[in-house]
Amino acid sequence: MNPYRRDRVDYEGEGLSEERAPQAPLEIVEDWLRAAVERQAERGDVPEPMAMSVATVDADGVPDVRTVLLRGLDRRGPAFYTSNRSAKGRQLAASPGVAASLTWPAMFRAVRFRGYAELLPAEEVLDYFRTRPWGARISAHASAQSEPVRDRATLEAAYEDAARRFPDTGSPDDVPVPEGWGGYRLVADRVELWEGRRSRLHDRLVWERVAPGGLDEPTAWSRVRLAP
Ligand SMILES: Cc1cc2nc3c(=O)[nH]c(=O)nc-3n(C[C@H](O)[C@H](O)[C@H](O)COP(=O)(O)O)c2cc1C
């Protein structure tokens with residue numbers, strides 16, 4: 001038996017109706033993120049509820065994708081932190097089009113964004129960097145993300161070197177933000193909510209931007225149901 005075809009789970013999402021969906025997407029996206037976090041706390045079957053796949057395109061127009069953590073969401077869009085000099089950073093600098101999705105299989109739910117990426121301002125980056133544990137802040141110095149490293153020992157030596165330069169004093173300011181470390185906000189023009197239903201007859205509601213405005217502004221969005 002082909003192992004990729006063995007399991008067939010019928011999705012039993014509670015359903016996504018136009019009546020219960022707001023005219024602008026922010027509120028329902030926030031509700032779903034909150035529900036995913038609560039579900040993980042209660043039942044433990046949604047690990048890393050903020051894990052978000054982020055797709056970019058390279059200079060040849062070939063797509064790339066990787067997982068990051070959604071670390072902010074407001075009327076402007078979802079935000080994540082990373083190295084701006086990484087592969088994704090270089091791709092976004094050349095071509096800011098970006099797509100992202102969060103999937104919570106245990107809840108039969110997914111959220112999808114399309115739009116363009118803008119760099120997060122330095123003060124937002126600093127605010128977030130200060131909340132990271134000391135070791136994670138040190139690793140940001142030790143790792144030239146997406147660059148080749150000779151071996152694990154080289155990486156660990158770079159960590160030890162950064163740890164000596166910026167000792168742990170217990171202060172959030174003991175490690176500076178590394179040059180080139182930052183993040184992006186996905187300014188969305190399209191937001192989709194997907195909920196799995198019986199017999200693959202799923203629900204899809206899509207909000208498409210029709211005017212300038214935040215994810216919370218009803219006049220900026222037109223909503224449509226798509227066939228699953
Ligand atoms: C669950 C999970 C969370 C991750 N979170 C982040 C993140 O928030 N920021 C980040 O730069 N990389 C994160 N990574 C690593 C990325 O997937 C990726 O390896 C890294 O960003 C380099 O990607 P790039 O070479 O395409 O730029 C995470 C990986 C996983 C599996």
# chains A, B, ... in the order shown; residues from 1 in each chain; ligands from 1
$ closest_atom_pairs --of "chain A" --to "ligand 1" --cutoff "12 Å" --atoms "only C-alpha atoms and all ligand atoms" --output "Markdown table"
| residue | atom | partner | partner_atom_place_in_ligand_line | distance |
| --- | --- | --- | --- | --- |
| A:Val46 | CA | ligand 1 | 1 (C) | 11.7 |
| A:Pro47 | CA | ligand 1 | 1 (C) | 8.9 |
| A:Glu48 | CA | ligand 1 | 1 (C) | 6.4 |
| A:Pro49 | CA | ligand 1 | 1 (C) | 9.1 |
| A:Met50 | CA | ligand 1 | 1 (C) | 8.2 |
| A:Ala51 | CA | ligand 1 | 1 (C) | 5.3 |
| A:Met52 | CA | ligand 1 | 3 (C) | 7.6 |
| A:Ser53 | CA | ligand 1 | 17 (O) | 7.9 |
| A:Val54 | CA | ligand 1 | 17 (O) | 8.6 |
| A:Ala55 | CA | ligand 1 | 26 (O) | 8.7 |
| A:Thr56 | CA | ligand 1 | 26 (O) | 8.5 |
| A:Val57 | CA | ligand 1 | 26 (O) | 10.2 |
| A:Asp58 | CA | ligand 1 | 26 (O) | 10.2 |
| A:Pro63 | CA | ligand 1 | 26 (O) | 10.4 |
| A:Asp64 | CA | ligand 1 | 26 (O) | 6.9 |
| A:Val65 | CA | ligand 1 | 26 (O) | 6.5 |
| A:Arg66 | CA | ligand 1 | 17 (O) | 4.4 |
| A:Thr67 | CA | ligand 1 | 17 (O) | 3.9 |
| A:Val68 | CA | ligand 1 | 5 (N) | 3.3 |
| A:Leu69 | CA | ligand 1 | 8 (O) | 4.0 |
| A:Leu70 | CA | ligand 1 | 8 (O) | 6.8 |
| A:Arg71 | CA | ligand 1 | 8 (O) | 7.6 |
| A:Gly72 | CA | ligand 1 | 8 (O) | 10.9 |
| A:Ala79 | CA | ligand 1 | 8 (O) | 9.6 |
| A:Phe80 | CA | ligand 1 | 8 (O) | 6.0 |
| A:Tyr81 | CA | ligand 1 | 9 (N) | 5.2 |
| A:Thr82 | CA | ligand 1 | 11 (O) | 3.6 |
| A:Ser83 | CA | ligand 1 | 11 (O) | 5.9 |
| A:Asn84 | CA | ligand 1 | 27 (O) | 8.2 |
| A:Arg85 | CA | ligand 1 | 27 (O) | 7.9 |
| A:Ser86 | CA | ligand 1 | 27 (O) | 4.2 |
| A:Ala87 | CA | ligand 1 | 27 (O) | 3.8 |
| A:Lys88 | CA | ligand 1 | 27 (O) | 3.8 |
| A:Gly89 | CA | ligand 1 | 27 (O) | 6.2 |
| A:Arg90 | CA | ligand 1 | 27 (O) | 8.0 |
| A:Gln91 | CA | ligand 1 | 27 (O) | 8.5 |
| A:Leu92 | CA | ligand 1 | 27 (O) | 9.8 |
| A:Ala93 | CA | ligand 1 | 27 (O) | 11.9 |
| A:Leu102 | CA | ligand 1 | 1 (C) | 11.0 |
| A:Thr103 | CA | ligand 1 | 1 (C) | 11.8 |
| A:Tyr128 | CA | ligand 1 | 8 (O) | 11.4 |
| A:Phe129 | CA | ligand 1 | 8 (O) | 11.6 |
| A:Arg132 | CA | ligand 1 | 8 (O) | 11.3 |
| A:Ala136 | CA | ligand 1 | 9 (N) | 11.1 |
| A:Ser139 | CA | ligand 1 | 11 (O) | 11.5 |
| A:Ala140 | CA | ligand 1 | 11 (O) | 9.4 |
| A:Ser143 | CA | ligand 1 | 22 (C) | 10.5 |
| A:Ala144 | CA | ligand 1 | 22 (C) | 9.9 |
| A:Gln145 | CA | ligand 1 | 22 (C) | 6.1 |
| A:Ser146 | CA | ligand 1 | 25 (O) | 4.3 |
| A:Glu147 | CA | ligand 1 | 25 (O) | 8.0 |
| A:Pro148 | CA | ligand 1 | 25 (O) | 10.3 |
| A:Gly180 | CA | ligand 1 | 11 (O) | 11.8 |
| A:Trp181 | CA | ligand 1 | 11 (O) | 9.1 |
| A:Gly182 | CA | ligand 1 | 11 (O) | 9.1 |
| A:Gly183 | CA | ligand 1 | 11 (O) | 8.2 |
| A:Tyr184 | CA | ligand 1 | 9 (N) | 10.2 |
$ residues_around --residues "Val187 of chain A" --least-positions-apart "3" --cutoff "7 Å" --atoms "only C-alpha atoms" --output "ChimeraX atom specification"
/A:76-77,115-117
$ residues_around --residues "segment 209-220 of chain A" --least-positions-apart "2" --cutoff "6 Å" --atoms "only C-alpha atoms" --output "tab-separated table (two decimals) with N, CA and C atoms, in the first residue's frame"
chain	number	residue	atom	x	y	z
A	23	GLN	N	-16.91	41.92	7.68
A	23	GLN	CA	-16.66	42.51	6.35
A	23	GLN	C	-15.16	42.76	6.13
A	24	ALA	N	-14.43	42.95	7.22
A	24	ALA	CA	-12.96	43.10	7.14
A	24	ALA	C	-12.34	41.92	7.91
A	25	PRO	N	-11.17	41.41	7.45
A	25	PRO	CA	-10.71	40.12	7.96
A	25	PRO	C	-10.00	40.09	9.32
A	26	LEU	N	-9.54	41.25	9.82
A	26	LEU	CA	-8.65	41.21	10.99
A	26	LEU	C	-9.26	40.45	12.18
A	75	ARG	N	-3.65	45.84	12.22
A	75	ARG	CA	-4.41	46.24	11.03
A	75	ARG	C	-3.53	46.33	9.79
A	76	ARG	N	-2.21	46.38	10.00
A	76	ARG	CA	-1.30	46.48	8.85
A	76	ARG	C	-0.95	45.12	8.27
A	189	ASP	N	-3.04	41.99	0.52
A	189	ASP	CA	-4.08	42.39	-0.43
A	189	ASP	C	-5.14	41.31	-0.53
$ residues_around --residues "Arg137 of chain A" --least-positions-apart "6" --cutoff "12 Å" --atoms "only C-alpha atoms" --output "PDB file with N, CA and C atoms, in the first residue's frame"
ATOM      1  N   THR A  82      13.534  37.918  11.411  1.00  0.00           N
ATOM      2  CA  THR A  82      14.494  37.074  10.696  1.00  0.00           C
ATOM      3  C   THR A  82      15.734  37.899  10.396  1.00  0.00           C
ATOM      4  N   LEU A 126      13.889  46.281  17.668  1.00  0.00           N
ATOM      5  CA  LEU A 126      14.545  46.341  18.975  1.00  0.00           C
ATOM      6  C   LEU A 126      13.591  45.863  20.074  1.00  0.00           C
ATOM      7  N   TYR A 128      11.194  43.784  19.913  1.00  0.00           N
ATOM      8  CA  TYR A 128      11.052  42.332  19.892  1.00  0.00           C
ATOM      9  C   TYR A 128      12.354  41.652  20.327  1.00  0.00           C
ATOM     10  N   PHE A 129      13.476  42.134  19.807  1.00  0.00           N
ATOM     11  CA  PHE A 129      14.766  41.493  20.103  1.00  0.00           C
ATOM     12  C   PHE A 129      14.998  41.429  21.616  1.00  0.00           C
ATOM     13  N   ARG A 130      14.589  42.496  22.310  1.00  0.00           N
ATOM     14  CA  ARG A 130      14.796  42.551  23.755  1.00  0.00           C
ATOM     15  C   ARG A 130      13.996  41.476  24.498  1.00  0.00           C
ATOM     16  N   THR A 131      12.915  40.968  23.864  1.00  0.00           N
ATOM     17  CA  THR A 131      12.106  39.935  24.534  1.00  0.00           C
ATOM     18  C   THR A 131      12.689  38.533  24.351  1.00  0.00           C
ATOM     19  N   SER A 143      25.105  33.518  13.853  1.00  0.00           N
ATOM     20  CA  SER A 143      24.632  32.859  12.641  1.00  0.00           C
ATOM     21  C   SER A 143      24.416  33.851  11.512  1.00  0.00           C
ATOM     22  N   TYR A 159      29.216  31.012  18.409  1.00  0.00           N
ATOM     23  CA  TYR A 159      28.314  31.279  19.540  1.00  0.00           C
ATOM     24  C   TYR A 159      29.132  31.640  20.792  1.00  0.00           C
ATOM     25  N   ALA A 162      30.524  35.126  20.485  1.00  0.00           N
ATOM     26  CA  ALA A 162      29.517  36.173  20.730  1.00  0.00           C
ATOM     27  C   ALA A 162      29.153  36.217  22.217  1.00  0.00           C
ATOM     28  N   ALA A 163      29.096  35.044  22.853  1.00  0.00           N
ATOM     29  CA  ALA A 163      28.760  34.992  24.284  1.00  0.00           C
ATOM     30  C   ALA A 163      29.829  35.699  25.118  1.00  0.00           C
ATOM     31  N   PHE A 166      29.311  39.535  24.546  1.00  0.00           N
ATOM     32  CA  PHE A 166      28.093  40.107  25.146  1.00  0.00           C
ATOM     33  C   PHE A 166      27.622  39.206  26.290  1.00  0.00           C
ATOM     34  N   PRO A 167      28.296  39.267  27.448  1.00  0.00           N
ATOM     35  CA  PRO A 167      27.950  38.354  28.554  1.00  0.00           C
ATOM     36  C   PRO A 167      26.527  38.598  29.054  1.00  0.00           C
ATOM     37  N   ASP A 168      25.942  37.542  29.606  1.00  0.00           N
ATOM     38  CA  ASP A 168      24.580  37.586  30.138  1.00  0.00           C
ATOM     39  C   ASP A 168      24.590  38.343  31.467  1.00  0.00           C
ATOM     40  N   SER A 171      20.101  41.664  31.735  1.00  0.00           N
ATOM     41  CA  SER A 171      19.406  42.815  31.158  1.00  0.00           C
ATOM     42  C   SER A 171      19.028  42.522  29.710  1.00  0.00           C
ATOM     43  N   PRO A 172      17.839  42.989  29.269  1.00  0.00           N
ATOM     44  CA  PRO A 172      17.468  42.777  27.860  1.00  0.00           C
ATOM     45  C   PRO A 172      18.342  43.576  26.899  1.00  0.00           C
ATOM     46  N   ASP A 173      19.166  44.464  27.447  1.00  0.00           N
ATOM     47  CA  ASP A 173      20.018  45.290  26.590  1.00  0.00           C
ATOM     48  C   ASP A 173      21.471  44.813  26.563  1.00  0.00           C
ATOM     49  N   ASP A 174      21.746  43.626  27.115  1.00  0.00           N
ATOM     50  CA  ASP A 174      23.155  43.190  27.147  1.00  0.00           C
ATOM     51  C   ASP A 174      23.653  42.694  25.793  1.00  0.00           C
ATOM     52  N   VAL A 175      22.737  42.405  24.877  1.00  0.00           N
ATOM     53  CA  VAL A 175      23.136  41.978  23.521  1.00  0.00           C
ATOM     54  C   VAL A 175      22.501  42.953  22.523  1.00  0.00           C
ATOM     55  N   PRO A 176      23.293  43.652  21.725  1.00  0.00           N
ATOM     56  CA  PRO A 176      22.710  44.572  20.741  1.00  0.00           C
ATOM     57  C   PRO A 176      22.069  43.810  19.584  1.00  0.00           C
ATOM     58  N   VAL A 177      21.165  44.460  18.880  1.00  0.00           N
ATOM     59  CA  VAL A 177      20.583  43.834  17.679  1.00  0.00           C
ATOM     60  C   VAL A 177      21.687  43.726  16.629  1.00  0.00           C
ATOM     61  N   PRO A 178      21.924  42.528  16.095  1.00  0.00           N
ATOM     62  CA  PRO A 178      22.989  42.397  15.082  1.00  0.00           C
ATOM     63  C   PRO A 178      22.665  43.210  13.831  1.00  0.00           C
ATOM     64  N   TRP A 181      19.847  42.206  11.169  1.00  0.00           N
ATOM     65  CA  TRP A 181      18.783  41.382  11.757  1.00  0.00           C
ATOM     66  C   TRP A 181      17.529  42.236  11.845  1.00  0.00           C
TER      67      TRP A 181
END
$ atom_distance --atom1 "atom CA of Ser222 of chain A" --atom2 "atom CA of Leu205 of chain A"
10.4 Å
$ closest_residue --among "A:Ala41, A:Ala59, A:Met1, A:Ala188" --to "Ala100 of chain A" --atoms "only C-alpha atoms"
A:Ala188
$ select_by_dssp --residues "segment 18-214 of chain A" --states "helix (DSSP H, G or I)" --output "ChimeraX atom specification"
/A:18-20,26-43,87-94,105-107,122-131,134-142,152-165,198-200
$ residues_around --residues "Leu16 of chain A" --least-positions-apart "5" --cutoff "12 Å" --atoms "only C-alpha atoms" --output "PyMOL selection string"
chain A and resi 21-22+28+32+108-110+192-197+201-206+225-226
$ closest_residue --among "A:Leu119, A:Val62, A:Val111, A:Ala94" --to "Asp31 of chain A" --atoms "only C-alpha atoms"
A:Val111
$ closest_residue --among "A:Ala157, A:Val224, A:Val149, A:Ile138" --to "Arg190 of chain A" --atoms "only C-alpha atoms"
A:Val224
$ closest_residue --among "A:Ala99, A:Pro78, A:Asn2, A:Trp134" --to "Leu120 of chain A" --atoms "only C-alpha atoms"
A:Pro78
$ atom_distance --atom1 "atom CA of Glu118 of chain A" --atom2 "atom CA of Asp74 of chain A"
14.1 Å
